[in-house]
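Here's the structure we're looking at; comments come further down.
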Amino acid sequence: MKKIISKLISTVERRAWRFIFIAILITAIAVPGILKLETETGLNTLVSSEAQIFQDTRKHDDLFGSEPLVILLEGKEEDIFSQENLLVLSKLETEVANHSLLHSMVSPITILNLAVNEALVQQEVFKKKIEGAMTIATQEAMSVAKSKGLDLAAQAALVTQAQQSVMQKFQPYIDKAHQIGDPSLQNQAFINMVLYDDNGQLNKAFEGMVPQSGNVFISISPVGNLPHEVSLSLVEYVESFLSKNPLSNVSSTIILDALVIETIATEIGGNLTFLLALAVIVMMLILLFVFPVRWRLLSLLMVGISAVWTFGLMGYLGVPLSMATMAVLPVLIGLGIDYSVQFHNHFQEEMHSRDSIDGALVTSAISMFPSAGVALLATIIGFITLYISDVPMVQDFGVILSAGVFLSYVSALFLLHSVLYILEKKTPVQKLKKSASKQRFLEKALGNMARKILKSPILIFAIAIFIGIIGVYADSQLVSSTDFKELMSQDAAVLQDIEKISELSGTGPPQRFLIEADDVTSPEFLKWLSEHQKKMLKDFPVLLSVESIATLVHNASNNQIPNNQNQIDFVLDNTPAVFVDQFISSDKKSASLLFSVEHITMEEQNLLIKEIELAASKAPYNIRKVAVGSVALGASTIDSIMGKRFFLNMLCLFAIMVVLFVVYKRFVSVILTIISVGLIISWSSLVLFVSGIPLNPLTAILGVIVIGIGTEFMVLIISRYEDEKKKGNNPTEAMVIAISKIGRAVVITALTTLGGFGVLMTSSFVLIRDFGIATVSGVLLCLISSMIVMPPLLVFFDEKALARKK
């Protein structure tokens, strides 16, 4: 192995410019790949397209349309319902009906138009009724006149009297009709008659659309499963219509889930770009002041180049930028910089005792290649385990971060050594040796610290275990949050609009269910559904109301479900399609059920959905009921992200343990490493609990991140420790040297990473801020465990083993 590494580094020295040219070429090829990256922050990044709930939601949306675009109208009630504004809304309803990508629109204008049509029909019926009554009265008067033998003048007088009697009977209705005028949206008297009852109160038909005076909801449902960009274009379409046809003295606000997703994508992108630029500046300053080597910013350049390669690869592979894959960049900078710092640090160390740059490069590479390689392998194996996650963006995170760490190692091994050789080959050796001798205060400080902590292994371990036990309890108390609205900037305009609508309606997001049966219009099904709804409303107080085909038929049939199929068909045939199509499919085999729900957390939503589905499992054998929609998808991620969190952490630890066993073949060293890394996970949970940070899509994978960082730190220290023991040092001295030499690079890496992630803590975007806090604490805990907890234990057991041998 040493000969291979020696030849490899010698080749790097001889062909340094060639390696640099190859790196520049790869970078140039990677840049177009970065430009291909597309942002995805929707629920499809949290739920696999093969998951049953995802497929059920797609089927529901195909049948009944996507979740609606909501328009909130604000103004005086008389202005909102003025003739002028109602004509605009009527025109919008016509536009929606003719738009191929819009499913339906429900608003006060829907009911008013139905009232107009119904009034016109009633007018015609009333007219025919008067005509019929006049005909009958005329015939009866003529019959009486003939029976009495009256002359023509008397007959005419009797007929006129009979007709006047009919008109007197109908006159109150005629007078009222004249008073109201023609049934039309251009007739304010007619509009008011439909809107208000005799007491001047708003009719019940409008209650859901008019939560309070001066506010009106309009719901427009797009067709199902539209791409994100198309959904956004529909918002622009409605905005454009209202801009060209402005409502008089009325303001409008449009809300759609796609707007929330777009805001998140924009904010994450802009936030991360600024914060990472600031983070790079902070890391540069830390390297300049703390890393005592020549060309001390090279490590940051190397990891920057590897980041370009990584994200270029993402673009070419079509991996989207999601909330998780965006986090690859800061994590990669923190992990990847360690390889360059370690190689550079060891070169500087070897330069102190070598007479040529060639010898120093070869010797440092021979020393670092195996340990850094083992750390790389263990880290990659750990991250690859994320691929078994059910969450697409977590899978992407694991794969891309593994690729990024590998590319960081490659750039450190080939590009860093090439650049160092070219920069230093003409520098006098004595100058390099003198530079390597300077600023060794950190080594001395670490050496002194090592001697002290190695005297108290049991005490340190006892404290670590005690805090770890508290961390295990804290982990069980962590709350979960997968609601996008809780993870974005709380000052975002779209979030304030959503909160306003939620406050006006007095409810949270509705929960939808897809129900499948042989015939969802049959009396048997409707009776079961009606009873099921009543039971759900009774058993779960957080359910405020329900809308379904059973509700519609029940209300139209004197508050009961008819026993006769013909009666049900009659109700459905005489109910406007805009209402019926919301609840049943054209083949009558699927139905949509909607519950209005109180404001509850996503975790509570998840439990509620499970309980409702459990209750529905007792339905007749031919009925299937499943939760669908954005709320159900978001709630399901609590199980897929949070539920498997412990399993993923344990699997990651086990995979790393196997790798370390194969490499070191030392049971004690490997077990102590795994225990020390496991403690970091527990401590991290305690930090999350104390900080009040919930488990979200990023903090949920914190365990795997700290496993990767902690393992890397520990493997490097253990490798140097084993090398020093082979040189004849006793365990204590070997560990002191390892901590003072390799520990210097580990501390510098940790400080650089802490500085970079520390900047993320200042973000206004909740997801990024929490991730920054969690990662900063995680890196700090990795440093503590690898430098303070694990070394004394390892030395303690090694000294016991030596004593037994003697």
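Identifiers in the structure tokens: chain A, B, ... in order shown; residue index from 1 per chain; ligand index from 1 in order shown.
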Near Leu321 (chain A), within 6 Å and counting only C-alpha atoms, which residues show up once chain neighbours fewer than 6 positions away are dropped, as a PyMOL selection string? chain A and resi 38-40
Residues within 8 Å of Phe397 (chain A), only C-alpha atoms, excluding chain neighbours under 5 positions, as a list in words: Ala324, Thr325, Val328 and Leu386 of chain A
Any chance you can output those residues with C-alpha atoms as an mmCIF file, in the first residue's frame?
```cif
data_model
loop_
_atom_site.group_PDB
_atom_site.id
_atom_site.type_symbol
_atom_site.label_atom_id
_atom_site.label_comp_id
_atom_site.auth_asym_id
_atom_site.auth_seq_id
_atom_site.Cartn_x
_atom_site.Cartn_y
_atom_site.Cartn_z
ATOM 1 C CA ALA A 324 -32.739 18.503 2.169
ATOM 2 C CA THR A 325 -30.442 18.646 -0.871
ATOM 3 C CA VAL A 328 -25.921 19.329 1.285
ATOM 4 C CA LEU A 386 -30.316 7.097 4.136
#
```
Which one of A:Ile718, A:Ala450, A:Val542, A:Leu297 sits closest to Val670 (chain A) if you count only C-alpha atoms? A:Ile718
Between A:Asp56, A:Val571, A:Leu287, A:Pro576, single out the one closest to Ala115 (chain A), counting only C-alpha atoms.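 Among the listed residues, A:Pro576 lies closest to Ala115 (chain A).
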Can you work out which one of A:Leu442, A:Ala655, A:Val553, A:Asp518 has the shortest atom-to-atom distance to Val747 (chain A), counting only C-alpha atoms?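 Distance minimum relative to Val747 (chain A) lands on A:Leu442.
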Find the residues near Ser104 (chain A): any atom within 12 Å, counting only C-alpha atoms, skip ones fewer than 4 places away on the same chain, and give them as a PyMOL selection string. chain A and resi 64-69+92-100+110+218-224+576-582
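Among the candidates A:Tyr316, A:Phe406, A:Phe461, A:Trp309, the residue lying nearest to Val789 (chain A) is A:Phe461 (atoms considered: only C-alpha atoms).
Ranking A:Ala619, A:Ser49, A:Val116, A:Ile717 by their shortest atom-to-atom distance to Ser740 (chain A), with only C-alpha atoms included, puts A:Ile717 first.
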Have a look at A:Ser402, A:Thr263, A:Gln161, A:Ser408 and name the one nearest to Ile381 (chain A); count only C-alpha atoms. A:Ser402
Going by DSSP on the backbone, which bits of region 349-511 of chain A are alpha helix (DSSP H)? Write them as a count of residues only, please. 117
Using CA of Gly312 (chain A) and CA of Leu329 (chain A) as the two end points, give the distance in Å to one decimal.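 Between CA of Gly312 (chain A) and CA of Leu329 (chain A) the gap works out to 12.2 Å.
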Pick out the residues sitting within 7 Å of Gly447 (chain A), and hand them over as a list in words; count only C-alpha atoms, and ignore anything fewer than 5 positions along from it in its own chain. Val736, Ile737, Ile739 and Ser740 of chain A
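Once region 80-87 of chain A and its same-chain neighbours fewer than 4 positions away are set aside, Gly75, Lys76, Lys91, Ile109, Leu185, Gln186, Gln188, Leu247, Ser248 and Val250 of chain A remain within 7 Å of it when counting only C-alpha atoms.
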Keeping N, CA and C atoms for every residue in the selection just given, could you write it to a file as a PDB file, in the first residue's frame?
```pdb
ATOM      1  N   GLY A  75     -64.092  44.354   1.943  1.00  0.00           N
ATOM      2  CA  GLY A  75     -64.706  45.653   1.685  1.00  0.00           C
ATOM      3  C   GLY A  75     -66.044  45.723   2.406  1.00  0.00           C
ATOM      4  N   LYS A  76     -66.778  46.767   2.158  1.00  0.00           N
ATOM      5  CA  LYS A  76     -68.120  46.869   2.740  1.00  0.00           C
ATOM      6  C   LYS A  76     -69.026  45.855   2.041  1.00  0.00           C
ATOM      7  N   LYS A  91     -68.727  37.213 -14.582  1.00  0.00           N
ATOM      8  CA  LYS A  91     -67.841  37.068 -15.741  1.00  0.00           C
ATOM      9  C   LYS A  91     -66.675  36.131 -15.406  1.00  0.00           C
ATOM     10  N   ILE A 109     -71.797  34.282  -6.145  1.00  0.00           N
ATOM     11  CA  ILE A 109     -72.370  34.477  -7.485  1.00  0.00           C
ATOM     12  C   ILE A 109     -72.956  33.170  -8.006  1.00  0.00           C
ATOM     13  N   LEU A 185     -78.958  39.900 -12.116  1.00  0.00           N
ATOM     14  CA  LEU A 185     -77.851  40.459 -11.344  1.00  0.00           C
ATOM     15  C   LEU A 185     -77.745  41.968 -11.530  1.00  0.00           C
ATOM     16  N   GLN A 186     -78.555  42.495 -12.425  1.00  0.00           N
ATOM     17  CA  GLN A 186     -78.593  43.941 -12.608  1.00  0.00           C
ATOM     18  C   GLN A 186     -79.720  44.586 -11.793  1.00  0.00           C
ATOM     19  N   GLN A 188     -80.745  45.186  -8.060  1.00  0.00           N
ATOM     20  CA  GLN A 188     -80.246  45.143  -6.681  1.00  0.00           C
ATOM     21  C   GLN A 188     -81.316  44.652  -5.718  1.00  0.00           C
ATOM     22  N   LEU A 247     -62.552  45.175  -9.114  1.00  0.00           N
ATOM     23  CA  LEU A 247     -63.738  45.265  -8.272  1.00  0.00           C
ATOM     24  C   LEU A 247     -63.772  46.643  -7.618  1.00  0.00           C
ATOM     25  N   SER A 248     -64.929  47.280  -7.635  1.00  0.00           N
ATOM     26  CA  SER A 248     -65.061  48.643  -7.113  1.00  0.00           C
ATOM     27  C   SER A 248     -65.081  48.645  -5.587  1.00  0.00           C
ATOM     28  N   VAL A 250     -63.308  47.208  -3.446  1.00  0.00           N
ATOM     29  CA  VAL A 250     -63.121  45.886  -2.848  1.00  0.00           C
ATOM     30  C   VAL A 250     -61.702  45.401  -3.159  1.00  0.00           C
TER      31      VAL A 250
END
```
Skip Leu751 (chain A) itself and residues of its chain fewer than 5 positions away, then list as a compact mmCIF listing (two decimals) with N, CA and C atoms, in the first residue's frame all residues within 9 Å of it, counting only C-alpha atoms.
```
# COMPACT_ATOMS: atom_id res chain seq x y z
N MET A 283 -15.45 31.62 7.50
CA MET A 283 -14.52 30.48 7.48
C MET A 283 -13.13 30.92 7.02
N ILE A 286 -11.45 32.52 9.97
CA ILE A 286 -11.03 31.52 10.96
C ILE A 286 -9.77 30.81 10.49
N LEU A 287 -9.72 30.42 9.23
CA LEU A 287 -8.53 29.75 8.69
C LEU A 287 -7.31 30.67 8.74
N VAL A 290 -6.37 30.95 12.60
CA VAL A 290 -6.19 29.76 13.44
C VAL A 290 -5.32 28.69 12.80
N VAL A 746 -8.31 18.67 13.51
CA VAL A 746 -9.71 18.41 13.84
C VAL A 746 -10.36 19.66 14.46
N GLY A 756 -18.99 28.63 9.91
CA GLY A 756 -19.86 28.61 8.73
C GLY A 756 -21.32 28.37 9.08
N VAL A 779 -21.79 19.66 15.70
CA VAL A 779 -20.34 19.68 15.43
C VAL A 779 -19.56 19.87 16.72
N LEU A 780 -20.06 20.76 17.57
CA LEU A 780 -19.39 21.00 18.86
C LEU A 780 -19.40 19.73 19.71
```
Pick out the residues sitting within 8 Å of Asp770 (chain A), and hand them over as a count of residues only; count only C-alpha atoms, and ignore anything fewer than 5 positions along from it in its own chain. 3
Return as a PyMOL selection string the full set of residues in region 115-224 of chain A whose backbone-based DSSP assignment is strand (DSSP E or B). chain A and resi 196+202+212+215-222
Same residues, all heavy atoms, saved as a PDB file, in the first residue's frame:
```pdb
ATOM      1  N   TYR A 196     -80.605  38.141   1.736  1.00  0.00           N
ATOM      2  CA  TYR A 196     -81.049  38.349   3.112  1.00  0.00           C
ATOM      3  C   TYR A 196     -82.449  37.781   3.340  1.00  0.00           C
ATOM      4  O   TYR A 196     -83.277  37.733   2.425  1.00  0.00           O
ATOM      5  CB  TYR A 196     -81.043  39.843   3.450  1.00  0.00           C
ATOM      6  CG  TYR A 196     -79.685  40.492   3.212  1.00  0.00           C
ATOM      7  CD1 TYR A 196     -79.484  41.306   2.083  1.00  0.00           C
ATOM      8  CD2 TYR A 196     -78.623  40.276   4.080  1.00  0.00           C
ATOM      9  CE1 TYR A 196     -78.248  41.886   1.843  1.00  0.00           C
ATOM     10  CE2 TYR A 196     -77.378  40.858   3.850  1.00  0.00           C
ATOM     11  CZ  TYR A 196     -77.193  41.658   2.723  1.00  0.00           C
ATOM     12  OH  TYR A 196     -75.968  42.216   2.497  1.00  0.00           O
ATOM     13  N   LEU A 202     -78.166  37.510   6.778  1.00  0.00           N
ATOM     14  CA  LEU A 202     -77.671  36.796   5.602  1.00  0.00           C
ATOM     15  C   LEU A 202     -78.269  35.393   5.570  1.00  0.00           C
ATOM     16  O   LEU A 202     -78.329  34.701   6.596  1.00  0.00           O
ATOM     17  CB  LEU A 202     -76.144  36.702   5.662  1.00  0.00           C
ATOM     18  CG  LEU A 202     -75.425  36.370   4.348  1.00  0.00           C
ATOM     19  CD1 LEU A 202     -75.499  37.542   3.382  1.00  0.00           C
ATOM     20  CD2 LEU A 202     -73.971  36.020   4.627  1.00  0.00           C
ATOM     21  N   GLN A 212     -67.801  36.686   7.866  1.00  0.00           N
ATOM     22  CA  GLN A 212     -68.247  37.854   8.631  1.00  0.00           C
ATOM     23  C   GLN A 212     -68.467  39.010   7.662  1.00  0.00           C
ATOM     24  O   GLN A 212     -67.986  38.982   6.528  1.00  0.00           O
ATOM     25  CB  GLN A 212     -67.215  38.237   9.695  1.00  0.00           C
ATOM     26  CG  GLN A 212     -65.883  38.707   9.151  1.00  0.00           C
ATOM     27  CD  GLN A 212     -64.895  39.033  10.264  1.00  0.00           C
ATOM     28  OE1 GLN A 212     -64.783  38.315  11.245  1.00  0.00           O
ATOM     29  NE2 GLN A 212     -64.179  40.120  10.096  1.00  0.00           N
ATOM     30  N   ASN A 215     -66.270  40.362   4.435  1.00  0.00           N
ATOM     31  CA  ASN A 215     -65.317  39.358   3.944  1.00  0.00           C
ATOM     32  C   ASN A 215     -66.067  38.256   3.208  1.00  0.00           C
ATOM     33  O   ASN A 215     -67.048  37.719   3.728  1.00  0.00           O
ATOM     34  CB  ASN A 215     -64.527  38.740   5.098  1.00  0.00           C
ATOM     35  CG  ASN A 215     -63.695  39.759   5.849  1.00  0.00           C
ATOM     36  OD1 ASN A 215     -64.029  40.130   6.960  1.00  0.00           O
ATOM     37  ND2 ASN A 215     -62.629  40.235   5.245  1.00  0.00           N
ATOM     38  N   VAL A 216     -65.588  37.922   2.031  1.00  0.00           N
ATOM     39  CA  VAL A 216     -66.226  36.887   1.218  1.00  0.00           C
ATOM     40  C   VAL A 216     -65.156  35.949   0.663  1.00  0.00           C
ATOM     41  O   VAL A 216     -64.098  36.405   0.200  1.00  0.00           O
ATOM     42  CB  VAL A 216     -67.030  37.506   0.055  1.00  0.00           C
ATOM     43  CG1 VAL A 216     -67.508  36.425  -0.910  1.00  0.00           C
ATOM     44  CG2 VAL A 216     -68.215  38.295   0.593  1.00  0.00           C
ATOM     45  N   PHE A 217     -65.419  34.635   0.720  1.00  0.00           N
ATOM     46  CA  PHE A 217     -64.524  33.633   0.155  1.00  0.00           C
ATOM     47  C   PHE A 217     -65.039  33.175  -1.204  1.00  0.00           C
ATOM     48  O   PHE A 217     -66.230  32.909  -1.367  1.00  0.00           O
ATOM     49  CB  PHE A 217     -64.426  32.400   1.064  1.00  0.00           C
ATOM     50  CG  PHE A 217     -63.687  32.644   2.348  1.00  0.00           C
ATOM     51  CD1 PHE A 217     -64.038  31.943   3.493  1.00  0.00           C
ATOM     52  CD2 PHE A 217     -62.648  33.553   2.412  1.00  0.00           C
ATOM     53  CE1 PHE A 217     -63.368  32.162   4.685  1.00  0.00           C
ATOM     54  CE2 PHE A 217     -61.969  33.772   3.595  1.00  0.00           C
ATOM     55  CZ  PHE A 217     -62.317  33.087   4.728  1.00  0.00           C
ATOM     56  N   ILE A 218     -64.119  33.062  -2.157  1.00  0.00           N
ATOM     57  CA  ILE A 218     -64.418  32.460  -3.450  1.00  0.00           C
ATOM     58  C   ILE A 218     -63.456  31.293  -3.631  1.00  0.00           C
ATOM     59  O   ILE A 218     -62.252  31.439  -3.411  1.00  0.00           O
ATOM     60  CB  ILE A 218     -64.249  33.471  -4.597  1.00  0.00           C
ATOM     61  CG1 ILE A 218     -65.259  34.603  -4.459  1.00  0.00           C
ATOM     62  CG2 ILE A 218     -64.396  32.787  -5.959  1.00  0.00           C
ATOM     63  CD1 ILE A 218     -65.065  35.712  -5.468  1.00  0.00           C
ATOM     64  N   SER A 219     -63.975  30.136  -4.006  1.00  0.00           N
ATOM     65  CA  SER A 219     -63.152  28.935  -4.153  1.00  0.00           C
ATOM     66  C   SER A 219     -63.120  28.499  -5.614  1.00  0.00           C
ATOM     67  O   SER A 219     -64.174  28.268  -6.219  1.00  0.00           O
ATOM     68  CB  SER A 219     -63.720  27.816  -3.269  1.00  0.00           C
ATOM     69  OG  SER A 219     -63.021  26.621  -3.476  1.00  0.00           O
ATOM     70  N   ILE A 220     -61.911  28.403  -6.169  1.00  0.00           N
ATOM     71  CA  ILE A 220     -61.737  27.949  -7.554  1.00  0.00           C
ATOM     72  C   ILE A 220     -60.859  26.700  -7.533  1.00  0.00           C
ATOM     73  O   ILE A 220     -59.710  26.750  -7.091  1.00  0.00           O
ATOM     74  CB  ILE A 220     -61.073  29.033  -8.431  1.00  0.00           C
ATOM     75  CG1 ILE A 220     -61.932  30.299  -8.446  1.00  0.00           C
ATOM     76  CG2 ILE A 220     -60.846  28.520  -9.844  1.00  0.00           C
ATOM     77  CD1 ILE A 220     -61.311  31.444  -9.222  1.00  0.00           C
ATOM     78  N   SER A 221     -61.397  25.586  -7.986  1.00  0.00           N
ATOM     79  CA  SER A 221     -60.646  24.319  -7.977  1.00  0.00           C
ATOM     80  C   SER A 221     -60.009  24.063  -9.335  1.00  0.00           C
ATOM     81  O   SER A 221     -60.718  23.932 -10.344  1.00  0.00           O
ATOM     82  CB  SER A 221     -61.576  23.153  -7.624  1.00  0.00           C
ATOM     83  OG  SER A 221     -62.102  23.303  -6.336  1.00  0.00           O
ATOM     84  N   PRO A 222     -58.655  23.987  -9.380  1.00  0.00           N
ATOM     85  CA  PRO A 222     -57.999  23.603 -10.634  1.00  0.00           C
ATOM     86  C   PRO A 222     -58.207  22.110 -10.908  1.00  0.00           C
ATOM     87  O   PRO A 222     -58.578  21.353 -10.000  1.00  0.00           O
ATOM     88  CB  PRO A 222     -56.512  23.896 -10.358  1.00  0.00           C
ATOM     89  CG  PRO A 222     -56.490  24.730  -9.112  1.00  0.00           C
ATOM     90  CD  PRO A 222     -57.697  24.339  -8.330  1.00  0.00           C
TER      91      PRO A 222
END
```
